[in-house]
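Enquirer: Structure file query-v2.txt, compact mmCIF, C-alpha atoms, is pasted below:
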# COMPACT_ATOMS: atom_id res chain seq x y z
CA MET A 1 -25.83 47.01 -39.33
CA ASP A 2 -22.11 46.47 -38.53
CA SER A 3 -20.09 43.93 -40.49
CA TYR A 4 -16.62 42.42 -39.95
CA LEU A 5 -14.17 41.23 -42.59
CA ILE A 6 -11.06 39.21 -41.74
CA GLN A 7 -8.73 38.57 -44.68
CA VAL A 8 -5.97 35.97 -44.44
CA ASN A 9 -2.86 36.64 -46.54
CA GLY A 10 0.03 34.24 -46.75
CA HIS A 11 1.84 31.89 -49.09
CA GLY A 12 4.78 29.55 -49.33
CA ASP A 13 6.66 28.86 -46.12
CA HIS A 14 5.68 32.10 -44.47
CA ALA A 15 3.21 32.12 -41.58
CA PRO A 16 -0.17 33.50 -42.61
CA MET A 17 -0.92 37.12 -41.77
CA LEU A 18 -4.36 38.20 -40.64
CA ASP A 19 -5.31 41.40 -42.50
CA VAL A 20 -8.11 42.67 -40.29
CA HIS A 21 -10.67 45.27 -41.53
CA LEU A 22 -13.53 46.48 -39.41
CA LYS A 23 -16.47 47.85 -41.45
CA THR A 24 -18.97 49.88 -39.43
CA ASN A 25 -21.68 52.16 -40.74
CA GLY A 26 -20.24 51.88 -44.22
CA ASN A 27 -16.76 53.00 -43.18
CA SER A 28 -13.82 50.59 -43.37
CA ILE A 29 -11.17 50.81 -40.67
CA SER A 30 -7.95 48.80 -41.00
CA LEU A 31 -6.61 47.32 -37.76
CA GLY A 32 -3.36 46.28 -39.42
CA LYS A 33 -1.75 42.92 -39.89
CA VAL A 34 -1.51 40.42 -37.02
CA LYS A 35 0.80 37.42 -37.22
CA GLY A 36 -1.21 34.19 -36.90
CA ARG A 37 -0.31 31.04 -34.89
CA LYS A 38 1.14 28.22 -36.88
CA PRO A 39 -0.14 25.02 -35.19
CA ARG A 40 2.49 22.51 -34.15
CA TRP A 41 2.61 19.41 -31.95
CA ALA A 42 4.06 20.07 -28.48
CA VAL A 43 2.81 17.33 -26.18
CA ARG A 44 4.85 16.98 -22.99
CA ALA A 45 4.48 14.89 -19.85
CA SER A 46 3.13 16.81 -16.86
CA GLU A 47 5.35 18.00 -14.02
CA MET A 48 3.45 15.70 -11.68
CA SER A 49 4.30 12.66 -13.79
CA LYS A 50 7.96 13.72 -13.92
CA LYS A 51 8.05 14.01 -10.12
CA THR A 52 6.51 10.55 -9.66
CA PHE A 53 9.22 8.08 -8.74
CA ASN A 54 8.88 4.58 -7.30
CA PRO A 55 12.24 3.60 -5.74
CA VAL A 56 11.34 -0.10 -5.62
CA ARG A 57 10.57 -0.23 -9.34
CA ALA A 58 13.60 1.92 -10.17
CA ILE A 59 15.97 -0.37 -8.29
CA VAL A 60 14.38 -3.69 -9.25
CA ASP A 61 14.04 -2.74 -12.92
CA SER A 62 17.71 -1.78 -13.04
CA MET A 63 18.79 -5.18 -11.68
CA LYS A 64 19.67 -6.73 -15.02
CA VAL A 65 20.46 -10.21 -13.76
CA GLU A 66 19.36 -13.65 -14.83
CA PRO A 67 18.66 -16.34 -12.23
CA ASN A 68 20.72 -19.50 -12.13
CA PRO A 69 19.14 -21.74 -14.81
CA LYS A 70 19.99 -24.83 -12.73
CA LYS A 71 17.87 -23.69 -9.78
CA ALA A 72 14.17 -22.86 -9.71
CA MET A 73 13.49 -19.23 -8.86
CA ILE A 74 12.31 -18.49 -5.32
CA SER A 75 10.92 -14.98 -4.99
CA LEU A 76 10.82 -13.59 -1.46
CA SER A 77 10.32 -10.04 -2.72
CA LEU A 78 6.64 -9.35 -3.34
CA GLY A 79 4.29 -8.47 -0.49
CA ASP A 80 1.36 -10.32 -2.03
CA PRO A 81 0.18 -13.23 0.16
CA THR A 82 -1.75 -14.84 -2.70
CA VAL A 83 1.18 -15.57 -5.02
CA PHE A 84 1.87 -19.19 -4.05
CA GLY A 85 -1.67 -20.28 -3.24
CA ASN A 86 -0.78 -21.46 0.27
CA LEU A 87 -2.73 -18.63 1.91
CA PRO A 88 -6.22 -18.56 0.37
CA THR A 89 -8.91 -16.32 1.76
CA ASN A 90 -11.75 -17.83 3.75
CA ASP A 91 -14.72 -19.48 2.04
CA GLU A 92 -17.06 -17.12 3.87
CA VAL A 93 -15.32 -14.18 2.19
CA THR A 94 -15.65 -15.54 -1.35
CA ARG A 95 -19.22 -16.69 -0.68
CA ALA A 96 -20.18 -13.17 0.40
CA VAL A 97 -18.93 -11.73 -2.90
CA LYS A 98 -20.62 -14.44 -4.97
CA GLU A 99 -23.98 -13.76 -3.35
CA VAL A 100 -23.67 -10.03 -3.88
CA LEU A 101 -22.74 -10.58 -7.53
CA ASP A 102 -25.71 -12.90 -8.05
CA SER A 103 -28.09 -10.42 -6.42
CA GLY A 104 -27.48 -7.82 -9.14
CA ARG A 105 -28.02 -5.04 -6.61
CA TYR A 106 -24.52 -3.59 -6.65
CA ASN A 107 -23.80 -3.01 -10.33
CA GLY A 108 -24.26 0.77 -10.36
CA TYR A 109 -22.38 3.76 -9.06
CA ALA A 110 -22.00 4.16 -5.31
CA PRO A 111 -21.47 7.47 -3.48
CA SER A 112 -17.83 8.55 -3.79
CA VAL A 113 -17.21 7.87 -0.09
CA GLY A 114 -18.95 4.49 -0.24
CA TYR A 115 -22.42 3.17 0.52
CA GLN A 116 -23.78 4.37 3.84
CA SER A 117 -24.50 0.79 4.99
CA CYS A 118 -20.93 -0.26 4.19
CA ARG A 119 -19.46 2.70 6.06
CA GLU A 120 -21.66 1.72 9.00
CA ALA A 121 -20.28 -1.83 8.85
CA VAL A 122 -16.67 -0.61 8.99
CA ALA A 123 -17.47 1.84 11.79
CA ALA A 124 -19.16 -0.92 13.80
CA TYR A 125 -16.20 -3.27 13.26
CA TYR A 126 -13.58 -0.79 14.52
CA ASN A 127 -15.70 1.13 17.05
CA CYS A 128 -14.57 0.90 20.68
CA PRO A 129 -15.02 3.07 23.78
CA GLU A 130 -11.43 4.37 23.53
CA ALA A 131 -11.88 5.42 19.89
CA PRO A 132 -15.58 5.69 18.98
CA LEU A 133 -16.54 5.67 15.30
CA GLU A 134 -19.68 6.38 13.31
CA ALA A 135 -20.40 5.99 9.60
CA GLN A 136 -19.57 9.66 8.99
CA ASP A 137 -16.03 8.92 10.25
CA VAL A 138 -15.39 6.37 7.46
CA ILE A 139 -14.30 7.01 3.87
CA LEU A 140 -14.14 3.91 1.65
CA THR A 141 -11.30 3.89 -0.87
CA SER A 142 -9.81 1.81 -3.66
CA GLY A 143 -7.38 -0.07 -1.45
CA CYS A 144 -5.24 1.22 1.40
CA SER A 145 -2.93 2.89 -1.13
CA GLN A 146 -5.70 5.28 -2.20
CA ALA A 147 -6.55 5.87 1.45
CA ILE A 148 -2.97 7.01 2.04
CA GLU A 149 -3.05 9.15 -1.10
CA LEU A 150 -6.28 10.92 -0.06
CA ALA A 151 -5.03 11.41 3.50
CA LEU A 152 -1.78 12.97 2.26
CA ALA A 153 -3.59 15.12 -0.27
CA VAL A 154 -5.99 16.54 2.31
CA LEU A 155 -3.34 17.20 4.98
CA ALA A 156 -0.40 18.60 2.99
CA ASN A 157 0.16 21.34 0.41
CA PRO A 158 3.02 21.60 -2.09
CA GLY A 159 6.01 23.06 -0.27
CA GLN A 160 5.09 21.51 3.07
CA ASN A 161 6.81 18.41 4.48
CA ILE A 162 5.77 15.09 5.98
CA LEU A 163 7.66 12.83 8.40
CA VAL A 164 8.21 9.32 7.04
CA PRO A 165 9.85 6.26 8.67
CA ARG A 166 13.24 4.98 7.53
CA PRO A 167 13.15 2.11 6.64
CA GLY A 168 9.63 2.57 5.36
CA PHE A 169 7.11 1.71 2.67
CA SER A 170 8.21 3.44 -0.54
CA LEU A 171 4.70 4.58 -1.51
CA TYR A 172 4.77 7.46 0.99
CA LYS A 173 7.68 9.11 -0.81
CA THR A 174 6.33 8.29 -4.26
CA LEU A 175 3.00 9.99 -3.53
CA ALA A 176 4.47 12.95 -1.65
CA LEU A 177 7.04 13.90 -4.28
CA SER A 178 4.45 13.70 -7.07
CA MET A 179 2.37 16.23 -5.08
CA GLY A 180 5.31 18.57 -4.49
CA ILE A 181 5.50 17.65 -0.80
CA GLU A 182 8.92 17.32 0.84
CA VAL A 183 9.77 14.07 2.64
CA LYS A 184 11.74 14.08 5.89
CA LEU A 185 12.92 10.64 6.98
CA TYR A 186 13.00 9.74 10.67
CA ASN A 187 15.03 6.76 11.83
CA LEU A 188 13.85 3.42 13.15
CA LEU A 189 16.28 1.55 15.40
CA PRO A 190 17.00 -2.11 14.53
CA GLU A 191 18.71 -2.68 17.88
CA LYS A 192 15.43 -1.72 19.59
CA ALA A 193 13.16 -3.92 17.44
CA TRP A 194 12.66 -1.01 15.02
CA GLU A 195 11.27 1.47 17.54
CA ILE A 196 11.28 5.12 16.42
CA ASP A 197 14.24 7.31 17.32
CA LEU A 198 11.98 9.83 19.05
CA LYS A 199 14.64 12.54 19.47
CA HIS A 200 15.46 12.38 15.79
CA LEU A 201 11.77 12.42 14.90
CA GLU A 202 11.06 15.53 16.96
CA SER A 203 14.14 17.34 15.62
CA LEU A 204 12.69 17.17 12.10
CA VAL A 205 9.47 19.04 12.91
CA ASP A 206 9.25 22.62 11.65
CA GLU A 207 6.56 25.15 10.76
CA LYS A 208 6.00 23.44 7.41
CA THR A 209 5.40 19.94 8.81
CA ALA A 210 1.93 18.78 7.73
CA CYS A 211 1.74 15.29 9.25
CA LEU A 212 3.58 12.36 10.77
CA ILE A 213 3.22 8.92 9.16
CA VAL A 214 3.23 6.04 11.62
CA ASN A 215 3.26 2.54 10.09
CA ASN A 216 2.38 -0.11 12.66
CA PRO A 217 2.73 -3.09 12.22
CA SER A 218 5.54 -2.24 9.85
CA ASN A 219 6.36 -2.91 6.24
CA PRO A 220 9.26 -3.66 5.71
CA CYS A 221 10.29 -4.44 9.30
CA GLY A 222 7.57 -6.74 10.62
CA SER A 223 7.81 -4.81 13.89
CA VAL A 224 4.92 -4.02 16.25
CA PHE A 225 5.09 -1.02 18.58
CA SER A 226 4.30 -1.48 22.26
CA LYS A 227 1.61 0.56 23.97
CA SER A 228 4.20 2.60 25.84
CA HIS A 229 6.14 3.41 22.67
CA LEU A 230 2.96 4.49 20.87
CA GLN A 231 2.18 6.79 23.80
CA LYS A 232 5.61 8.38 23.43
CA ILE A 233 4.98 8.91 19.72
CA LEU A 234 1.66 10.55 20.53
CA ALA A 235 3.38 12.78 23.08
CA VAL A 236 5.68 14.12 20.35
CA ALA A 237 2.73 14.71 18.00
CA SER A 238 0.79 16.45 20.79
CA ARG A 239 3.70 18.71 21.79
CA GLN A 240 4.34 19.71 18.19
CA CYS A 241 0.66 19.88 17.17
CA VAL A 242 1.24 17.55 14.21
CA PRO A 243 -1.59 15.25 13.04
CA ILE A 244 -0.89 11.57 12.43
CA LEU A 245 -1.49 9.52 9.31
CA ALA A 246 -1.57 5.96 10.66
CA ASP A 247 -0.89 3.23 8.10
CA GLU A 248 -2.50 0.26 9.86
CA ILE A 249 -3.08 -2.07 6.91
CA TYR A 250 -1.41 -4.87 8.92
CA GLY A 251 -3.51 -4.10 12.00
CA ASP A 252 -4.19 -7.21 14.12
CA MET A 253 -1.69 -9.22 12.05
CA VAL A 254 0.56 -9.78 15.06
CA PHE A 255 1.98 -12.96 16.52
CA ALA A 256 0.56 -14.55 19.66
CA ASP A 257 3.20 -13.19 22.04
CA CYS A 258 2.47 -9.60 21.00
CA LYS A 259 -0.47 -7.17 21.19
CA TYR A 260 -1.55 -4.71 18.54
CA GLU A 261 -2.81 -1.33 19.75
CA PRO A 262 -4.55 0.95 17.22
CA ILE A 263 -2.87 4.28 17.86
CA ALA A 264 -6.20 6.17 18.00
CA THR A 265 -7.24 4.19 21.09
CA LEU A 266 -4.39 5.74 23.09
CA SER A 267 -5.02 9.45 22.54
CA THR A 268 -7.92 11.87 22.78
CA ASN A 269 -6.19 15.04 21.62
CA VAL A 270 -4.08 14.10 18.55
CA PRO A 271 -6.19 14.00 15.36
CA ILE A 272 -5.55 10.84 13.37
CA LEU A 273 -6.42 9.54 9.92
CA SER A 274 -6.09 5.75 10.14
CA CYS A 275 -5.72 3.91 6.83
CA GLY A 276 -6.55 0.23 6.46
CA GLY A 277 -8.28 -2.28 4.22
CA LEU A 278 -9.06 -5.89 3.35
CA ALA A 279 -5.84 -6.58 1.42
CA LYS A 280 -3.58 -8.26 3.95
CA ARG A 281 -5.63 -9.55 6.88
CA TRP A 282 -8.28 -11.03 4.58
CA LEU A 283 -5.69 -12.02 1.92
CA VAL A 284 -7.40 -10.28 -1.02
CA PRO A 285 -5.10 -7.42 -2.14
CA GLY A 286 -6.52 -7.44 -5.66
CA TRP A 287 -10.02 -6.60 -4.46
CA ARG A 288 -8.94 -2.99 -3.79
CA MET A 289 -11.01 -2.24 -0.73
CA GLY A 290 -9.59 0.24 1.76
CA TRP A 291 -10.76 2.90 4.16
CA ILE A 292 -9.86 5.99 6.13
CA LEU A 293 -11.04 6.18 9.74
CA ILE A 294 -11.28 9.76 11.00
CA HIS A 295 -10.43 10.11 14.70
CA ASP A 296 -10.92 13.71 15.81
CA ARG A 297 -12.45 13.87 19.28
CA ARG A 298 -11.23 17.43 19.94
CA ASP A 299 -12.64 18.64 16.61
CA ILE A 300 -9.20 19.78 15.45
CA PHE A 301 -9.78 18.60 11.89
CA GLY A 302 -13.26 20.10 12.03
CA ASN A 303 -15.41 20.17 8.93
CA GLU A 304 -12.55 21.35 6.75
CA ILE A 305 -10.67 18.03 6.62
CA ARG A 306 -13.88 16.02 6.31
CA ASP A 307 -15.12 18.22 3.48
CA GLY A 308 -11.70 18.02 1.84
CA LEU A 309 -11.75 14.23 1.93
CA LEU A 310 -15.23 14.22 0.43
CA ARG A 311 -14.16 16.48 -2.43
CA LEU A 312 -11.01 14.46 -3.08
CA SER A 313 -13.00 11.23 -3.10
CA GLN A 314 -15.21 12.65 -5.84
CA ARG A 315 -12.34 12.66 -8.34
CA ILE A 316 -12.83 8.88 -8.69
CA LEU A 317 -16.04 7.19 -7.63
CA GLY A 318 -14.70 4.99 -4.88
CA PRO A 319 -13.95 1.28 -4.58
CA CYS A 320 -15.60 -1.70 -6.29
CA THR A 321 -19.31 -1.79 -5.47
CA ILE A 322 -19.44 -5.61 -5.51
CA VAL A 323 -16.87 -5.79 -2.70
CA GLN A 324 -18.65 -2.97 -0.88
CA GLY A 325 -21.84 -5.00 -0.96
CA ALA A 326 -20.05 -7.96 0.63
CA LEU A 327 -18.18 -5.89 3.18
CA GLU A 328 -20.49 -6.26 6.17
CA ARG A 329 -20.55 -10.03 5.85
CA ILE A 330 -16.77 -10.20 5.32
CA LEU A 331 -16.07 -8.14 8.42
CA HIS A 332 -18.60 -9.71 10.73
CA ARG A 333 -18.81 -13.34 9.58
CA THR A 334 -15.24 -14.35 8.81
CA PRO A 335 -14.51 -17.03 11.42
CA PRO A 336 -11.78 -16.29 14.01
CA GLU A 337 -10.02 -19.55 13.10
CA PHE A 338 -9.18 -18.07 9.69
CA TYR A 339 -7.18 -15.22 11.23
CA HIS A 340 -5.58 -17.60 13.73
CA ASN A 341 -4.50 -20.07 11.02
CA THR A 342 -2.99 -17.33 8.86
CA LEU A 343 -0.98 -15.95 11.76
CA SER A 344 0.16 -19.44 12.79
CA ILE A 345 1.63 -20.00 9.32
CA LEU A 346 3.32 -16.59 9.29
CA LYS A 347 4.72 -17.05 12.80
CA SER A 348 6.07 -20.51 11.94
CA ASN A 349 7.73 -19.18 8.78
CA ALA A 350 9.14 -16.20 10.67
CA ASP A 351 10.65 -18.46 13.34
CA LEU A 352 12.13 -20.84 10.75
CA CYS A 353 13.58 -18.01 8.73
CA TYR A 354 14.95 -16.13 11.73
CA ALA A 355 16.61 -19.25 13.17
CA ALA A 356 18.15 -20.27 9.85
CA LEU A 357 19.49 -16.83 8.96
CA SER A 358 20.78 -16.18 12.50
CA ALA A 359 23.10 -19.16 12.07
CA ILE A 360 24.71 -17.73 8.92
CA PRO A 361 27.97 -15.79 9.47
CA GLY A 362 27.69 -12.25 8.15
CA LEU A 363 23.90 -11.93 8.50
CA GLN A 364 21.95 -10.42 11.39
CA PRO A 365 18.17 -10.85 11.05
CA VAL A 366 15.86 -8.77 13.26
CA ARG A 367 13.09 -10.90 14.74
CA PRO A 368 9.64 -9.76 13.50
CA ALA A 369 6.53 -9.56 15.69
CA GLY A 370 3.87 -9.38 12.98
CA ALA A 371 2.94 -8.41 9.41
CA MET A 372 4.58 -10.48 6.64
CA TYR A 373 8.23 -9.44 6.60
CA LEU A 374 11.64 -9.85 8.16
CA MET A 375 14.64 -7.54 7.76
CA VAL A 376 18.19 -8.88 7.62
CA GLU A 377 21.36 -6.89 8.12
CA ILE A 378 24.30 -7.70 5.85
CA GLU A 379 27.63 -7.22 7.63
CA MET A 380 29.14 -5.71 4.51
CA GLU A 381 32.69 -5.75 5.92
CA HIS A 382 32.53 -9.55 5.63
CA PHE A 383 31.43 -9.41 1.99
CA PRO A 384 33.97 -6.93 0.59
CA GLU A 385 33.49 -7.97 -3.03
CA PHE A 386 30.02 -6.38 -2.95
CA GLU A 387 29.64 -2.61 -2.92
CA ASN A 388 26.23 -2.60 -1.27
CA ASP A 389 22.99 -4.48 -0.61
CA VAL A 390 21.87 -4.08 -4.22
CA GLU A 391 24.96 -5.90 -5.52
CA PHE A 392 24.60 -8.53 -2.79
CA THR A 393 20.99 -9.31 -3.74
CA GLU A 394 21.79 -9.23 -7.48
CA ARG A 395 24.42 -11.91 -7.03
CA LEU A 396 22.07 -13.90 -4.81
CA ILE A 397 19.68 -14.03 -7.76
CA SER A 398 22.30 -14.92 -10.37
CA GLU A 399 23.96 -17.61 -8.26
CA GLN A 400 21.15 -19.06 -6.16
CA SER A 401 17.91 -17.90 -7.86
CA VAL A 402 16.66 -16.35 -4.62
CA PHE A 403 15.16 -12.87 -4.91
CA CYS A 404 15.01 -10.67 -1.82
CA LEU A 405 14.47 -6.92 -1.98
CA PRO A 406 17.54 -4.83 -1.16
CA ALA A 407 16.60 -2.46 1.65
CA THR A 408 17.92 0.48 -0.37
CA CYS A 409 14.35 0.29 -1.73
CA PHE A 410 13.25 1.39 1.74
CA GLU A 411 15.97 4.05 2.20
CA TYR A 412 17.95 1.67 4.43
CA PRO A 413 21.11 0.31 2.77
CA ASN A 414 22.97 -2.86 3.74
CA PHE A 415 19.86 -4.79 4.73
CA PHE A 416 17.47 -6.93 2.71
CA ARG A 417 13.80 -7.78 3.22
CA VAL A 418 12.37 -11.29 3.22
CA VAL A 419 8.66 -11.96 2.61
CA ILE A 420 7.49 -14.81 4.88
CA THR A 421 4.20 -15.72 3.15
CA VAL A 422 5.70 -18.46 0.97
CA PRO A 423 5.23 -22.18 1.69
CA GLU A 424 7.39 -23.63 4.47
CA GLU A 425 9.45 -25.85 2.19
CA MET A 426 10.26 -22.84 0.03
CA ILE A 427 11.38 -20.81 3.07
CA LEU A 428 13.70 -23.65 4.11
CA GLU A 429 15.11 -24.09 0.61
CA ALA A 430 15.67 -20.34 0.24
CA CYS A 431 17.47 -20.12 3.58
CA SER A 432 19.65 -23.09 2.61
CA ARG A 433 20.63 -21.37 -0.63
CA ILE A 434 21.30 -18.07 1.18
CA GLN A 435 23.59 -19.97 3.56
CA GLU A 436 25.44 -21.54 0.63
CA PHE A 437 25.81 -18.12 -0.99
CA CYS A 438 27.13 -16.47 2.17
CA GLU A 439 29.59 -19.29 2.87
CA MET A 440 30.91 -18.87 -0.66
CA HIS A 441 31.51 -15.11 -0.30
CA TYR A 442 32.08 -14.57 3.43
CA GLN A 443 35.46 -13.18 4.44
CA GLY A 444 36.66 -13.13 8.04
CA ALA A 445 38.32 -10.02 9.37
CA GLU A 446 41.75 -10.97 7.97
CA GLY A 447 40.42 -12.17 4.62
CA ALA A 448 38.38 -9.02 4.17
CA GLN A 449 41.43 -6.89 4.98
CA ASP A 450 43.53 -8.76 2.44
CA LEU A 451 40.87 -8.32 -0.23
CA GLU A 452 40.69 -4.59 0.47
CA CYS A 453 44.46 -4.29 0.10
CA ASP A 454 44.33 -6.09 -3.24
CA LYS A 455 41.85 -3.61 -4.69
Just give me the structure of the file as structure tokens.
Expert:
Amino acid sequence: MDSYLIQVNGHGDHAPMLDVHLKTNGNSISLGKVKGRKPRWAVRASEMSKKTFNPVRAIVDSMKVEPNPKKAMISLSLGDPTVFGNLPTNDEVTRAVKEVLDSGRYNGYAPSVGYQSCREAVAAYYNCPEAPLEAQDVILTSGCSQAIELALAVLANPGQNILVPRPGFSLYKTLALSMGIEVKLYNLLPEKAWEIDLKHLESLVDEKTACLIVNNPSNPCGSVFSKSHLQKILAVASRQCVPILADEIYGDMVFADCKYEPIATLSTNVPILSCGGLAKRWLVPGWRMGWILIHDRRDIFGNEIRDGLLRLSQRILGPCTIVQGALERILHRTPPEFYHNTLSILKSNADLCYAALSAIPGLQPVRPAGAMYLMVEIEMEHFPEFENDVEFTERLISEQSVFCLPATCFEYPNFFRVVITVPEEMILEACSRIQEFCEMHYQGAEGAQDLECDK
């Protein structure tokens, strides 16, 4: 019978040496001395965590300013419609969740892609002849943010690139960079109600382009693309054979004089992953219920993308089961008046804000057509004491206690974004303070020139 003897020699500050002898059939063979590993702590953050960067948080957290203590703070920065309590969800929505909770039938794990009945409910809600959907075309996710993350993860590999709008929602870049995916920014045109610069978009496509992100209606712009413009976008995607990731979380949140067209209803040949959820239209962002709708009528994605989404969904077991259980009732029983009332409030606020800011020298708001936002250009030549939009908005906080996000957060300097979900009186007060601020700092052409010379 063979036997093995390992002798450890070492003392003091010296690393232990392993004196290894192998005894077999009575004969001892020395294998020499091997230096052992001295354990030590070496815990480091992952490369993925180091690549994760949220530009909004980075900019906002670096704004070390205190609001004016003589004026109550008015925050027009956060895209959460629930903050001020003036936009509650519908009673039918909360009743649906209460009944599901009381039933006790949705306390366990659900399939990673969501309950079959809930996927059927979403498919039925969005199904139409131009873009048919079945349950197998729906993946339920933990909010629209996870839908976007899964869609990016299934479409793009490290080293590839994606096409992202500028100005655009910062999450696209945050997710892509953490995955080692390059971001190429295509321009939106404020003078054309934030339509895409299609020539610029197409010039960015190369052999490593994995997908095109189209955000409609838009955060941060509040713009809504026309049918004809969406068809032109699809033509670019079709020519270049680039799939589309459609961020449509604000779908149907458009004002009365405008029409929302889901991009998948306008094309049969471009494969599209459409991301949406309950957060904004139903005014429940904290409930974390989102979905991916797979539109692939030419079978370009095939089984590979569907299987990839399934595997990715299995990393975390899907969205809250309580909300899943209530989903069919939420989608199919929420009264139309609820949507109408929400949009009426947003449209009224948008009109008030646009009119008030348009009258202020040095500001050029761009009229929104939907969603919950309005973008405002700062004519920086008339505010020469400020270097950029970040300084402008910092001083607006410190002097007037009004907080708007500088559009540098959205890769678009010298603008700022206003959230229009706040109560009407707050919108009016904020606009009045912004006017006071601009009148205090505005310089006409001659005054601005003089100030520049003095520097």
Enquirer: Identify, on the basis of all atoms listed in the file, every residue whose closest approach to Tyr172 of chain A does not exceed 10 Å; exclude the query and any residue fewer than 4 positions from it along the same chain; express the result as a ChimeraX atom specification.
Expert: /A:54,145,148-149,152,162-165,168,176-177,183,213
Enquirer: Residues of segment 78-193 of chain A within 9 Å of segment 246-270 of chain A: nearest atom pair and distance (Å, one decimal) for each, counting all atoms listed in the file, sorted by chain and number, as JSON lines?
Expert:
{"residue": "A:Cys128", "atom": "CA", "partner": "A:Thr265", "partner_atom": "CA", "distance": 8.0}
{"residue": "A:Pro129", "atom": "CA", "partner": "A:Thr265", "partner_atom": "CA", "distance": 8.3}
{"residue": "A:Glu130", "atom": "CA", "partner": "A:Thr265", "partner_atom": "CA", "distance": 4.9}
{"residue": "A:Ala131", "atom": "CA", "partner": "A:Thr265", "partner_atom": "CA", "distance": 4.9}
{"residue": "A:Pro132", "atom": "CA", "partner": "A:Thr265", "partner_atom": "CA", "distance": 8.7}
{"residue": "A:Cys144", "atom": "CA", "partner": "A:Ile249", "partner_atom": "CA", "distance": 6.8}
{"residue": "A:Ile148", "atom": "CA", "partner": "A:Asp247", "partner_atom": "CA", "distance": 7.4}
Enquirer: Using only C-alpha atoms, which residue out of A:Ser401, A:Asn414, A:Arg281, A:Tyr373 lies closest to Glu387 of chain A?
Expert: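 Nearest to Glu387 of chain A: A:Asn414.
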Enquirer: Work out how far atom CA of Cys275 of chain A is from atom CA of Ile316 of chain A, in Å to one decimal.
Expert: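 Interatomic distance, atom CA of Ile316 of chain A to atom CA of Cys275 of chain A: 17.8 Å.
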Enquirer: Step by step: start from the point (1.3, 13.1, 23.2) in the file's coordinates, keep every protein, DNA or RNA residue that has an atom no farther than 12 Å from it, count all atoms listed in the file, and write the set as a VMD selection string.
Expert: chain A and resid 198 202 228 to 244 263 to 264 266 to 271
Enquirer: Up to 10 Å from (5.2, -15.1, 5.5) in the file's coordinates: name the residues, counting only C-alpha atoms, as a ChimeraX atom specification.
Expert: /A:76,79-81,87,342-350,353,370-374,418-424,427
Enquirer: Put those residues in a file: C-alpha atoms, as a JSON list (two decimals), in the coordinates of the input.
Expert:
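What follows is the written file again.json:
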[["chain", "number", "residue", "atom", "x", "y", "z"],
["A", 76, "LEU", "CA", 10.82, -13.59, -1.46],
["A", 79, "GLY", "CA", 4.29, -8.47, -0.49],
["A", 80, "ASP", "CA", 1.36, -10.32, -2.03],
["A", 81, "PRO", "CA", 0.18, -13.23, 0.16],
["A", 87, "LEU", "CA", -2.73, -18.63, 1.91],
["A", 342, "THR", "CA", -2.99, -17.33, 8.86],
["A", 343, "LEU", "CA", -0.98, -15.95, 11.76],
["A", 344, "SER", "CA", 0.16, -19.44, 12.79],
["A", 345, "ILE", "CA", 1.63, -20.00, 9.32],
["A", 346, "LEU", "CA", 3.32, -16.59, 9.29],
["A", 347, "LYS", "CA", 4.72, -17.05, 12.80],
["A", 348, "SER", "CA", 6.07, -20.51, 11.94],
["A", 349, "ASN", "CA", 7.73, -19.18, 8.78],
["A", 350, "ALA", "CA", 9.14, -16.20, 10.67],
["A", 353, "CYS", "CA", 13.58, -18.01, 8.73],
["A", 370, "GLY", "CA", 3.87, -9.38, 12.98],
["A", 371, "ALA", "CA", 2.94, -8.41, 9.41],
["A", 372, "MET", "CA", 4.58, -10.48, 6.64],
["A", 373, "TYR", "CA", 8.23, -9.44, 6.60],
["A", 374, "LEU", "CA", 11.64, -9.85, 8.16],
["A", 418, "VAL", "CA", 12.37, -11.29, 3.22],
["A", 419, "VAL", "CA", 8.66, -11.96, 2.61],
["A", 420, "ILE", "CA", 7.49, -14.81, 4.88],
["A", 421, "THR", "CA", 4.20, -15.72, 3.15],
["A", 422, "VAL", "CA", 5.70, -18.46, 0.97],
["A", 423, "PRO", "CA", 5.23, -22.18, 1.69],
["A", 424, "GLU", "CA", 7.39, -23.63, 4.47],
["A", 427, "ILE", "CA", 11.38, -20.81, 3.07]]
